[in-house]
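Participant: Just so it is clear, I am handing over input18.pdb, which has PDB, C-alpha atoms and all ligand atoms.
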MODEL        1
ATOM      1  CA  MET O   1       1.275 -18.282   8.132  1.00  0.00           C
ATOM      2  CA  THR O   2       4.534 -19.264   9.757  1.00  0.00           C
ATOM      3  CA  THR O   3       7.598 -20.641   8.037  1.00  0.00           C
ATOM      4  CA  ASP O   4       7.128 -24.112   9.537  1.00  0.00           C
ATOM      5  CA  ASP O   5       3.751 -24.424   7.864  1.00  0.00           C
ATOM      6  CA  PRO O   6       4.358 -26.792   4.920  1.00  0.00           C
ATOM      7  CA  THR O   7       1.619 -25.151   2.825  1.00  0.00           C
ATOM      8  CA  ASP O   8       3.490 -21.865   3.175  1.00  0.00           C
ATOM      9  CA  ASP O   9       6.595 -23.461   1.640  1.00  0.00           C
ATOM     10  CA  SER O  10       4.689 -24.849  -1.300  1.00  0.00           C
ATOM     11  CA  ARG O  11       3.008 -21.484  -1.886  1.00  0.00           C
ATOM     12  CA  ARG O  12       6.419 -19.795  -1.949  1.00  0.00           C
ATOM     13  CA  THR O  13       7.662 -22.381  -4.454  1.00  0.00           C
ATOM     14  CA  GLU O  14       4.599 -21.866  -6.644  1.00  0.00           C
ATOM     15  CA  ILE O  15       5.099 -18.094  -6.665  1.00  0.00           C
ATOM     16  CA  ALA O  16       8.837 -18.493  -7.335  1.00  0.00           C
ATOM     17  CA  THR O  17       8.162 -20.747 -10.327  1.00  0.00           C
ATOM     18  CA  ASN O  18       5.570 -18.373 -11.783  1.00  0.00           C
ATOM     19  CA  LEU O  19       7.794 -15.355 -11.193  1.00  0.00           C
ATOM     20  CA  ARG O  20      10.676 -17.039 -13.013  1.00  0.00           C
ATOM     21  CA  ALA O  21       8.397 -17.844 -15.967  1.00  0.00           C
ATOM     22  CA  VAL O  22       7.261 -14.203 -16.177  1.00  0.00           C
ATOM     23  CA  HIS O  23      10.855 -12.978 -16.068  1.00  0.00           C
ATOM     24  CA  GLU O  24      11.610 -15.386 -18.927  1.00  0.00           C
ATOM     25  CA  ARG O  25       8.681 -14.026 -20.936  1.00  0.00           C
ATOM     26  CA  ILE O  26       9.930 -10.477 -20.344  1.00  0.00           C
ATOM     27  CA  ALA O  27      13.467 -11.433 -21.368  1.00  0.00           C
ATOM     28  CA  ALA O  28      12.221 -13.078 -24.570  1.00  0.00           C
ATOM     29  CA  ALA O  29       9.995 -10.094 -25.403  1.00  0.00           C
ATOM     30  CA  CYS O  30      12.899  -7.710 -24.806  1.00  0.00           C
ATOM     31  CA  GLU O  31      15.163  -9.760 -27.019  1.00  0.00           C
ATOM     32  CA  ALA O  32      12.570  -9.771 -29.804  1.00  0.00           C
ATOM     33  CA  ALA O  33      12.192  -5.989 -29.472  1.00  0.00           C
ATOM     34  CA  GLY O  34      15.920  -5.272 -29.227  1.00  0.00           C
ATOM     35  CA  ARG O  35      15.493  -3.918 -25.705  1.00  0.00           C
ATOM     36  CA  SER O  36      17.198  -4.642 -22.401  1.00  0.00           C
ATOM     37  CA  PRO O  37      15.234  -6.184 -19.510  1.00  0.00           C
ATOM     38  CA  ASP O  38      16.879  -3.497 -17.361  1.00  0.00           C
ATOM     39  CA  GLU O  39      14.482  -1.010 -18.985  1.00  0.00           C
ATOM     40  CA  ILE O  40      11.473  -2.841 -17.539  1.00  0.00           C
ATOM     41  CA  THR O  41      10.023  -2.640 -14.037  1.00  0.00           C
ATOM     42  CA  LEU O  42       7.783  -5.536 -13.082  1.00  0.00           C
ATOM     43  CA  THR O  43       4.972  -4.545 -10.730  1.00  0.00           C
ATOM     44  CA  VAL O  44       3.268  -7.575  -9.226  1.00  0.00           C
ATOM     45  CA  VAL O  45      -0.448  -6.928  -8.703  1.00  0.00           C
ATOM     46  CA  THR O  46      -1.405  -8.390  -5.324  1.00  0.00           C
ATOM     47  CA  LYS O  47      -5.117  -7.512  -5.174  1.00  0.00           C
ATOM     48  CA  PHE O  48      -7.236 -10.282  -3.630  1.00  0.00           C
ATOM     49  CA  PHE O  49      -4.122 -12.047  -2.290  1.00  0.00           C
ATOM     50  CA  PRO O  50      -3.012 -12.049   1.352  1.00  0.00           C
ATOM     51  CA  VAL O  51      -0.053 -10.176   2.769  1.00  0.00           C
ATOM     52  CA  SER O  52       1.716 -13.535   3.244  1.00  0.00           C
ATOM     53  CA  ASP O  53       1.975 -13.685  -0.557  1.00  0.00           C
ATOM     54  CA  VAL O  54       3.473 -10.201  -0.573  1.00  0.00           C
ATOM     55  CA  GLU O  55       6.033 -11.386   1.986  1.00  0.00           C
ATOM     56  CA  HIS O  56       6.937 -14.250  -0.374  1.00  0.00           C
ATOM     57  CA  LEU O  57       7.265 -11.836  -3.296  1.00  0.00           C
ATOM     58  CA  VAL O  58       9.556  -9.555  -1.317  1.00  0.00           C
ATOM     59  CA  SER O  59      11.720 -12.496  -0.255  1.00  0.00           C
ATOM     60  CA  LEU O  60      11.982 -13.428  -3.953  1.00  0.00           C
ATOM     61  CA  GLY O  61      13.298  -9.988  -4.848  1.00  0.00           C
ATOM     62  CA  VAL O  62      10.116  -8.197  -5.962  1.00  0.00           C
ATOM     63  CA  THR O  63      10.362  -4.450  -5.283  1.00  0.00           C
ATOM     64  CA  ASP O  64       7.179  -3.107  -6.887  1.00  0.00           C
ATOM     65  CA  VAL O  65       3.633  -4.167  -6.084  1.00  0.00           C
ATOM     66  CA  GLY O  66       0.215  -2.922  -7.181  1.00  0.00           C
ATOM     67  CA  GLU O  67      -3.234  -2.672  -5.614  1.00  0.00           C
ATOM     68  CA  ASN O  68      -6.482  -1.311  -7.009  1.00  0.00           C
ATOM     69  CA  ARG O  69      -8.703  -0.721  -3.970  1.00  0.00           C
ATOM     70  CA  HIS O  70      -7.979   1.512  -0.991  1.00  0.00           C
ATOM     71  CA  GLN O  71     -10.146  -0.545   1.378  1.00  0.00           C
ATOM     72  CA  GLU O  72      -8.046  -3.621   0.678  1.00  0.00           C
ATOM     73  CA  ALA O  73      -4.631  -2.046   0.191  1.00  0.00           C
ATOM     74  CA  GLU O  74      -4.408   0.104   3.298  1.00  0.00           C
ATOM     75  CA  PRO O  75      -4.869  -2.582   5.977  1.00  0.00           C
ATOM     76  CA  LYS O  76      -2.882  -5.165   3.981  1.00  0.00           C
ATOM     77  CA  TYR O  77       0.174  -2.994   3.492  1.00  0.00           C
ATOM     78  CA  ALA O  78       0.067  -1.656   7.050  1.00  0.00           C
ATOM     79  CA  THR O  79       1.040  -5.174   8.166  1.00  0.00           C
ATOM     80  CA  LEU O  80       3.815  -5.804   5.630  1.00  0.00           C
ATOM     81  CA  THR O  81       7.130  -6.377   7.403  1.00  0.00           C
ATOM     82  CA  ALA O  82       9.349  -4.911   4.702  1.00  0.00           C
ATOM     83  CA  ARG O  83       7.049  -2.021   3.761  1.00  0.00           C
ATOM     84  CA  ALA O  84       9.915   0.500   3.574  1.00  0.00           C
ATOM     85  CA  GLY O  85      11.677  -1.510   0.869  1.00  0.00           C
ATOM     86  CA  VAL O  86       8.611  -1.879  -1.328  1.00  0.00           C
ATOM     87  CA  THR O  87       7.222   0.579  -3.862  1.00  0.00           C
ATOM     88  CA  LEU O  88       3.426   0.423  -3.731  1.00  0.00           C
ATOM     89  CA  HIS O  89       1.553   1.445  -6.892  1.00  0.00           C
ATOM     90  CA  PHE O  90      -2.124   2.345  -6.787  1.00  0.00           C
ATOM     91  CA  ILE O  91      -3.560   1.178 -10.129  1.00  0.00           C
ATOM     92  CA  GLY O  92      -7.341   1.286  -9.704  1.00  0.00           C
ATOM     93  CA  GLN O  93     -10.055   3.836 -10.218  1.00  0.00           C
ATOM     94  CA  LEU O  94      -9.748   6.345  -7.407  1.00  0.00           C
ATOM     95  CA  GLN O  95     -12.614   8.389  -6.015  1.00  0.00           C
ATOM     96  CA  SER O  96     -11.619  11.910  -5.047  1.00  0.00           C
ATOM     97  CA  ASN O  97     -12.847  11.372  -1.497  1.00  0.00           C
ATOM     98  CA  LYS O  98     -10.385   8.452  -1.069  1.00  0.00           C
ATOM     99  CA  ALA O  99      -7.480  10.304  -2.667  1.00  0.00           C
ATOM    100  CA  SER O 100      -6.377  11.935   0.549  1.00  0.00           C
ATOM    101  CA  ALA O 101      -6.148   8.591   2.347  1.00  0.00           C
ATOM    102  CA  VAL O 102      -4.339   6.896  -0.535  1.00  0.00           C
ATOM    103  CA  ALA O 103      -1.802   9.725  -0.846  1.00  0.00           C
ATOM    104  CA  ARG O 104      -0.598   8.938   2.670  1.00  0.00           C
ATOM    105  CA  TYR O 105       0.666   5.402   2.119  1.00  0.00           C
ATOM    106  CA  VAL O 106       1.217   4.648  -1.573  1.00  0.00           C
ATOM    107  CA  ASP O 107       4.330   5.606  -3.519  1.00  0.00           C
ATOM    108  CA  VAL O 108       2.836   5.870  -7.008  1.00  0.00           C
ATOM    109  CA  VAL O 109      -0.690   6.626  -8.231  1.00  0.00           C
ATOM    110  CA  GLU O 110      -0.925   5.270 -11.781  1.00  0.00           C
ATOM    111  CA  SER O 111      -4.595   6.060 -12.310  1.00  0.00           C
ATOM    112  CA  VAL O 112      -4.800   9.853 -12.330  1.00  0.00           C
ATOM    113  CA  ASP O 113      -7.485  10.692 -14.878  1.00  0.00           C
ATOM    114  CA  ARG O 114      -9.143  13.988 -13.958  1.00  0.00           C
ATOM    115  CA  ALA O 115      -8.393  17.433 -12.615  1.00  0.00           C
ATOM    116  CA  LYS O 116     -10.418  16.914  -9.457  1.00  0.00           C
ATOM    117  CA  LEU O 117      -8.192  13.994  -8.518  1.00  0.00           C
ATOM    118  CA  VAL O 118      -5.066  16.052  -9.207  1.00  0.00           C
ATOM    119  CA  ARG O 119      -6.383  18.738  -6.846  1.00  0.00           C
ATOM    120  CA  ALA O 120      -7.184  16.222  -4.101  1.00  0.00           C
ATOM    121  CA  LEU O 121      -3.791  14.490  -4.323  1.00  0.00           C
ATOM    122  CA  ALA O 122      -1.946  17.795  -4.543  1.00  0.00           C
ATOM    123  CA  SER O 123      -3.689  19.189  -1.501  1.00  0.00           C
ATOM    124  CA  THR O 124      -2.834  16.184   0.688  1.00  0.00           C
ATOM    125  CA  THR O 125       0.774  15.911  -0.481  1.00  0.00           C
ATOM    126  CA  ASP O 126       1.248  19.647   0.100  1.00  0.00           C
ATOM    127  CA  GLU O 127      -0.160  19.271   3.594  1.00  0.00           C
ATOM    128  CA  LEU O 128       2.111  16.289   4.344  1.00  0.00           C
ATOM    129  CA  ASP O 129       5.086  17.723   2.456  1.00  0.00           C
ATOM    130  CA  ARG O 130       5.278  14.302   0.810  1.00  0.00           C
ATOM    131  CA  HIS O 131       6.204  13.625  -2.818  1.00  0.00           C
ATOM    132  CA  LEU O 132       4.138  11.211  -4.870  1.00  0.00           C
ATOM    133  CA  ASP O 133       4.919   9.806  -8.315  1.00  0.00           C
ATOM    134  CA  VAL O 134       1.892   9.897 -10.603  1.00  0.00           C
ATOM    135  CA  LEU O 135       0.954   8.640 -14.045  1.00  0.00           C
ATOM    136  CA  VAL O 136      -1.834   9.895 -16.282  1.00  0.00           C
ATOM    137  CA  GLN O 137      -4.143   6.995 -17.036  1.00  0.00           C
ATOM    138  CA  ILE O 138      -5.228   7.056 -20.670  1.00  0.00           C
ATOM    139  CA  SER O 139      -8.420   5.445 -21.951  1.00  0.00           C
ATOM    140  CA  LEU O 140      -7.640   3.609 -25.193  1.00  0.00           C
ATOM    141  CA  ASP O 141     -11.160   2.399 -25.978  1.00  0.00           C
ATOM    142  CA  GLY O 142     -12.860   5.749 -26.584  1.00  0.00           C
ATOM    143  CA  GLU O 143     -14.829   5.814 -23.354  1.00  0.00           C
ATOM    144  CA  THR O 144     -13.975   6.409 -19.739  1.00  0.00           C
ATOM    145  CA  SER O 145     -16.102   3.937 -17.775  1.00  0.00           C
ATOM    146  CA  ARG O 146     -13.072   1.798 -16.866  1.00  0.00           C
ATOM    147  CA  GLY O 147     -11.082   4.879 -15.905  1.00  0.00           C
ATOM    148  CA  GLY O 148      -8.634   6.936 -17.889  1.00  0.00           C
ATOM    149  CA  VAL O 149      -8.716  10.278 -19.662  1.00  0.00           C
ATOM    150  CA  LEU O 150      -9.391  10.430 -23.388  1.00  0.00           C
ATOM    151  CA  PRO O 151      -6.201  10.886 -25.435  1.00  0.00           C
ATOM    152  CA  ASP O 152      -7.151  14.440 -26.470  1.00  0.00           C
ATOM    153  CA  ALA O 153      -7.237  15.592 -22.856  1.00  0.00           C
ATOM    154  CA  ALA O 154      -4.096  13.808 -21.677  1.00  0.00           C
ATOM    155  CA  ARG O 155      -1.605  16.603 -22.240  1.00  0.00           C
ATOM    156  CA  ASN O 156      -3.721  19.148 -20.434  1.00  0.00           C
ATOM    157  CA  LEU O 157      -3.956  16.850 -17.411  1.00  0.00           C
ATOM    158  CA  ALA O 158      -0.206  16.197 -17.529  1.00  0.00           C
ATOM    159  CA  ASP O 159       0.443  19.942 -17.538  1.00  0.00           C
ATOM    160  CA  ARG O 160      -1.763  20.387 -14.474  1.00  0.00           C
ATOM    161  CA  ILE O 161       0.140  17.686 -12.592  1.00  0.00           C
ATOM    162  CA  ALA O 162       3.474  19.229 -13.521  1.00  0.00           C
ATOM    163  CA  LEU O 163       2.353  22.541 -11.993  1.00  0.00           C
ATOM    164  CA  THR O 164       1.839  21.038  -8.523  1.00  0.00           C
ATOM    165  CA  ASP O 165       4.546  21.131  -5.872  1.00  0.00           C
ATOM    166  CA  HIS O 166       4.484  17.531  -4.664  1.00  0.00           C
ATOM    167  CA  LEU O 167       3.131  15.403  -7.518  1.00  0.00           C
ATOM    168  CA  ARG O 168       5.872  14.171  -9.816  1.00  0.00           C
ATOM    169  CA  LEU O 169       4.607  13.495 -13.321  1.00  0.00           C
ATOM    170  CA  ARG O 170       6.341  10.256 -14.338  1.00  0.00           C
ATOM    171  CA  GLY O 171       4.429   9.228 -17.468  1.00  0.00           C
ATOM    172  CA  VAL O 172       1.333   7.363 -18.597  1.00  0.00           C
ATOM    173  CA  MET O 173      -0.602   4.196 -17.836  1.00  0.00           C
ATOM    174  CA  ALA O 174      -3.253   2.279 -19.772  1.00  0.00           C
ATOM    175  CA  VAL O 175      -5.138  -0.984 -19.912  1.00  0.00           C
ATOM    176  CA  ALA O 176      -5.592  -2.567 -23.355  1.00  0.00           C
ATOM    177  CA  PRO O 177      -9.150  -2.395 -24.732  1.00  0.00           C
ATOM    178  CA  LEU O 178     -11.213  -5.506 -24.012  1.00  0.00           C
ATOM    179  CA  GLY O 179     -11.414  -8.008 -26.826  1.00  0.00           C
ATOM    180  CA  ALA O 180      -9.201  -6.135 -29.268  1.00  0.00           C
ATOM    181  CA  ASP O 181      -5.624  -6.538 -30.480  1.00  0.00           C
ATOM    182  CA  PRO O 182      -3.581  -4.771 -27.785  1.00  0.00           C
ATOM    183  CA  ARG O 183      -0.703  -3.828 -30.073  1.00  0.00           C
ATOM    184  CA  PRO O 184      -2.245  -0.840 -31.929  1.00  0.00           C
ATOM    185  CA  ALA O 185      -3.643   0.425 -28.631  1.00  0.00           C
ATOM    186  CA  PHE O 186      -0.203   0.264 -27.022  1.00  0.00           C
ATOM    187  CA  ALA O 187       1.253   2.009 -30.090  1.00  0.00           C
ATOM    188  CA  THR O 188      -1.260   4.823 -29.570  1.00  0.00           C
ATOM    189  CA  LEU O 189      -0.243   4.998 -25.919  1.00  0.00           C
ATOM    190  CA  ARG O 190       3.388   5.288 -26.900  1.00  0.00           C
ATOM    191  CA  GLY O 191       2.559   8.226 -29.188  1.00  0.00           C
ATOM    192  CA  ILE O 192       0.728  10.001 -26.350  1.00  0.00           C
ATOM    193  CA  ALA O 193       3.649   9.282 -24.010  1.00  0.00           C
ATOM    194  CA  ASP O 194       6.102  10.775 -26.517  1.00  0.00           C
ATOM    195  CA  GLY O 195       3.990  13.928 -26.790  1.00  0.00           C
ATOM    196  CA  ILE O 196       3.869  14.406 -23.023  1.00  0.00           C
ATOM    197  CA  ARG O 197       7.565  13.664 -22.650  1.00  0.00           C
ATOM    198  CA  ALA O 198       8.411  16.370 -25.191  1.00  0.00           C
ATOM    199  CA  ASP O 199       7.136  18.924 -22.659  1.00  0.00           C
ATOM    200  CA  HIS O 200       8.041  17.004 -19.488  1.00  0.00           C
ATOM    201  CA  PRO O 201      11.297  15.048 -19.924  1.00  0.00           C
ATOM    202  CA  GLU O 202      10.961  13.308 -16.547  1.00  0.00           C
ATOM    203  CA  ALA O 203       7.679  11.692 -17.667  1.00  0.00           C
ATOM    204  CA  SER O 204       9.385   8.648 -19.158  1.00  0.00           C
ATOM    205  CA  TRP O 205       7.332   5.778 -17.756  1.00  0.00           C
ATOM    206  CA  ILE O 206       4.868   3.823 -19.877  1.00  0.00           C
ATOM    207  CA  SER O 207       2.860   1.434 -17.695  1.00  0.00           C
ATOM    208  CA  ALA O 208       1.143  -1.054 -19.991  1.00  0.00           C
ATOM    209  CA  GLY O 209       0.885  -4.792 -20.266  1.00  0.00           C
ATOM    210  CA  MET O 210      -0.634  -7.357 -17.930  1.00  0.00           C
ATOM    211  CA  SER O 211      -0.464 -11.159 -17.735  1.00  0.00           C
ATOM    212  CA  ALA O 212      -2.075 -11.674 -21.151  1.00  0.00           C
ATOM    213  CA  ASP O 213      -0.391  -8.948 -23.185  1.00  0.00           C
ATOM    214  CA  LEU O 214       2.986  -8.137 -21.683  1.00  0.00           C
ATOM    215  CA  GLU O 215       4.820  -9.118 -24.889  1.00  0.00           C
ATOM    216  CA  GLU O 216       2.829  -6.618 -26.977  1.00  0.00           C
ATOM    217  CA  ALA O 217       3.460  -3.940 -24.348  1.00  0.00           C
ATOM    218  CA  VAL O 218       7.216  -4.567 -24.346  1.00  0.00           C
ATOM    219  CA  SER O 219       7.299  -4.393 -28.127  1.00  0.00           C
ATOM    220  CA  GLU O 220       5.526  -1.008 -27.983  1.00  0.00           C
ATOM    221  CA  GLY O 221       7.888   0.563 -25.491  1.00  0.00           C
ATOM    222  CA  ALA O 222       6.387  -0.193 -22.064  1.00  0.00           C
ATOM    223  CA  THR O 223       8.723   0.514 -19.154  1.00  0.00           C
ATOM    224  CA  HIS O 224       6.386  -0.850 -16.477  1.00  0.00           C
ATOM    225  CA  LEU O 225       4.331  -4.058 -16.551  1.00  0.00           C
ATOM    226  CA  ARG O 226       1.510  -4.833 -14.106  1.00  0.00           C
ATOM    227  CA  VAL O 227       1.251  -8.586 -13.737  1.00  0.00           C
ATOM    228  CA  GLY O 228      -1.116 -10.356 -11.360  1.00  0.00           C
ATOM    229  CA  SER O 229      -2.595 -13.726 -12.296  1.00  0.00           C
ATOM    230  CA  ALA O 230       0.448 -15.072 -14.160  1.00  0.00           C
ATOM    231  CA  ILE O 231       2.361 -14.884 -10.873  1.00  0.00           C
ATOM    232  CA  LEU O 232      -0.194 -15.295  -8.081  1.00  0.00           C
ATOM    233  CA  GLY O 233      -2.763 -17.434  -9.893  1.00  0.00           C
ATOM    234  CA  SER O 234      -6.408 -17.022 -10.648  1.00  0.00           C
ATOM    235  CA  ARG O 235      -7.974 -14.452  -8.356  1.00  0.00           C
ATOM    236  CA  LEU O 236     -11.313 -16.267  -8.119  1.00  0.00           C
ATOM    237  CA  SER O 237      -9.844 -19.256  -6.322  1.00  0.00           C
ATOM    238  CA  HIS O 238      -8.324 -16.971  -3.674  1.00  0.00           C
ATOM    239  CA  ARG O 239     -11.211 -14.674  -2.854  1.00  0.00           C
TER     240      ARG O 239
HETATM  241  C1  LIG O 301      -5.693  -6.541 -11.936  1.00  0.00           C
HETATM  242  C2  LIG O 301      -4.953  -5.550 -12.768  1.00  0.00           C
HETATM  243  C3  LIG O 301      -3.773  -5.915 -13.452  1.00  0.00           C
HETATM  244  C4  LIG O 301      -3.217  -7.323 -13.445  1.00  0.00           C
HETATM  245  O1  LIG O 301      -3.971  -8.129 -14.309  1.00  0.00           O
HETATM  246  P1  LIG O 301      -3.586  -9.658 -14.611  1.00  0.00           P
HETATM  247  O2  LIG O 301      -4.355  -9.967 -15.825  1.00  0.00           O
HETATM  248  O3  LIG O 301      -4.000 -10.434 -13.406  1.00  0.00           O
HETATM  249  O4  LIG O 301      -2.108  -9.706 -14.835  1.00  0.00           O
HETATM  250  C5  LIG O 301      -3.122  -4.923 -14.151  1.00  0.00           C
HETATM  251  N1  LIG O 301      -3.584  -3.652 -14.223  1.00  0.00           N
HETATM  252  C6  LIG O 301      -4.710  -3.271 -13.597  1.00  0.00           C
HETATM  253  C7  LIG O 301      -5.178  -1.856 -13.716  1.00  0.00           C
HETATM  254  C8  LIG O 301      -5.434  -4.209 -12.846  1.00  0.00           C
HETATM  255  O5  LIG O 301      -6.560  -3.820 -12.226  1.00  0.00           O
ENDMDL
END
Take the structure in this file and express it as structure tokens.
Ligand SMILES: *Cc1c(COP(=O)(O)O)cnc(C)c1O

Facilitator:
Amino acid sequence: MTTDDPTDDSRRTEIATNLRAVHERIAAACEAAGRSPDEITLTVVTKFFPVSDVEHLVSLGVTDVGENRHQEAEPKYATLTARAGVTLHFIGQLQSNKASAVARYVDVVESVDRAKLVRALASTTDELDRHLDVLVQISLDGETSRGGVLPDAARNLADRIALTDHLRLRGVMAVAPLGADPRPAFATLRGIADGIRADHPEASWISAGMSADLEEAVSEGATHLRVGSAILGSRLSHR
């Protein structure tokens, strides 16, 4: 889309309005929790939306964006004008055979949940002499089908990451369990994060909270929020 396309202007306005509303929700949640909004990084999840939307987000001051599929993210972000100024977070389940490709162009992998993936990411970043920030994804619903390591195994995985040369262990990530109150789950996540941080002080990030539950995440100590639909709209209408 070009800037003289009137639909492009209205899309930018729509995104700007939604972004402002999300920032207001974050500010209110921080106030209620006695926290500062400066402690929170907003990652806008751009999956299913075109790179023109990412260009709008960047022009509106967004610095962090998230994608969950390599096949979509790689070509999309290769065409982003301001790629160097944007921190790209990979937030989806990652197959080991795609890890090498992903490690070349993302800045953060939030979904590290098994030793095999640590080995694959470490091997590529060693080869490229490239540092990558990583989070341990924790499963909070007692099973691992949606990704994530069970809480009992989280510290061991964190220790493995910390032993690599080019992966920087930055903290933990989780998705709230489906159909349950997110708050106790996020409280559990915070406890796991505290345990890991006791051994690895640099692992201070807690990535939790999406469009529907960002307030609960802020109240339970999240430092990173991953928000898609509240800013870009319903994904189904844009597929
Ligand atoms: C899609 C996605 C989000 C964003 O979800 P919304 O409900 O659209 O805000 C956050 N985290 C992960 C892991 C996702 O896949």

Participant: Would you please work out which residue, of O:Ser96, O:Leu157, O:Pro75, O:His166, is nearest to Asp129 (chain O) when using only C-alpha atoms?

Facilitator: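 Nearest candidate to Asp129 (chain O) out of O:Ser96, O:Leu157, O:Pro75, O:His166: O:His166.
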
Participant: Can you translate the PyMOL selection byres (((chain O and resi 86) around 8) and not hetatm) into the concrete residues it hits in this file, as a list of chain:residue names?

Facilitator: O:Val58, O:Val62, O:Thr63, O:Asp64, O:Val65, O:Ala82, O:Arg83, O:Ala84, O:Gly85, O:Thr87, O:Leu88

Participant: May I have the residues within 12 Å of ligand LIG 301 (chain O), computed using only C-alpha atoms and all ligand atoms, as a VMD selection string?

Facilitator: chain O and resid 18 to 19 22 42 to 49 65 to 69 89 to 94 109 to 112 137 to 139 146 to 148 173 to 178 207 to 214 224 to 236

Participant: Return the padded bounding box of region 33-44 of chain O as AutoDock Vina command-line options: axis-aligned, built from all atoms listed in the file, 5 Å added on each side, with centre and edge lengths in Å to one decimal.

Facilitator:
--center_x 10.2 --center_y -4.3 --center_z -19.3 --size_x 23.9 --size_y 16.6 --size_z 30.2

Participant: Can you find the residues with an atom no farther than 10 Å from (2.9, 16.7, -12.2), counting all atoms listed in the file, and report them as a ChimeraX atom specification?

Facilitator: /O:118,122,132-136,157-171,200,202-203

Participant: Hey, what comes out of the PyMOL selection byres (((chain O and resi 13) around 12) and not hetatm) on this file? Could you write it as a short mmCIF file (atom, residue, chain, number, x, y, z; two decimals) with C-alpha atoms, in the frame of the given file?

Facilitator:
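So result09.cif came out as:
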data_model
loop_
_atom_site.label_atom_id
_atom_site.label_comp_id
_atom_site.auth_asym_id
_atom_site.auth_seq_id
_atom_site.Cartn_x
_atom_site.Cartn_y
_atom_site.Cartn_z
CA PRO O 6 4.36 -26.79 4.92
CA THR O 7 1.62 -25.15 2.82
CA ASP O 8 3.49 -21.86 3.18
CA ASP O 9 6.60 -23.46 1.64
CA SER O 10 4.69 -24.85 -1.30
CA ARG O 11 3.01 -21.48 -1.89
CA ARG O 12 6.42 -19.80 -1.95
CA GLU O 14 4.60 -21.87 -6.64
CA ILE O 15 5.10 -18.09 -6.66
CA ALA O 16 8.84 -18.49 -7.34
CA THR O 17 8.16 -20.75 -10.33
CA ASN O 18 5.57 -18.37 -11.78
CA LEU O 19 7.79 -15.36 -11.19
CA ARG O 20 10.68 -17.04 -13.01
CA ASP O 53 1.98 -13.68 -0.56
CA HIS O 56 6.94 -14.25 -0.37
CA LEU O 57 7.26 -11.84 -3.30
CA SER O 59 11.72 -12.50 -0.26
CA LEU O 60 11.98 -13.43 -3.95
CA ILE O 231 2.36 -14.88 -10.87
CA LEU O 232 -0.19 -15.30 -8.08
#

Participant: Evaluate the PyMOL selection byres (((chain O and resi 217-223) around 10) and not hetatm) here and jot the selected residues down as a PyMOL selection string.

Facilitator: chain O and resi 26-35+37-42+171-173+176+182-191+193+204-210+213-216+224-225

Participant: Measure the distance from CA of Arg119 (chain O) to CA of Tyr105 (chain O) in Å and round it to one decimal.

Facilitator: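 About the pair CA of Arg119 (chain O) and CA of Tyr105 (chain O): they are 17.5 Å apart.
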
Participant: In Å, rounded to a single decimal, give me how far CA of Val102 (chain O) is from CA of His70 (chain O).

Facilitator: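 Separation of CA of His70 (chain O) and CA of Val102 (chain O): 6.5 Å.
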
Participant: Rank nothing, just name the residue among O:Gly179, O:Ser123, O:Arg155, O:Ala101 nearest to Asp199 (chain O), using all atoms listed in the file.

Facilitator: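 Closest residue, counting all atoms listed in the file: O:Arg155.
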
Participant: What does the distance between CA of Glu72 (chain O) and CA of Asn97 (chain O) come to in Å, to one decimal place?

Facilitator: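 Computing it gives 15.9 Å between the two atoms.
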
Participant: Go ahead and find all residues with at least one atom no further than 12 Å from (-11.8, 12.6, -27.6) in the file's coordinates, using only C-alpha atoms; report them as number ranges by chain.

Facilitator: O: 138-144, 148-154
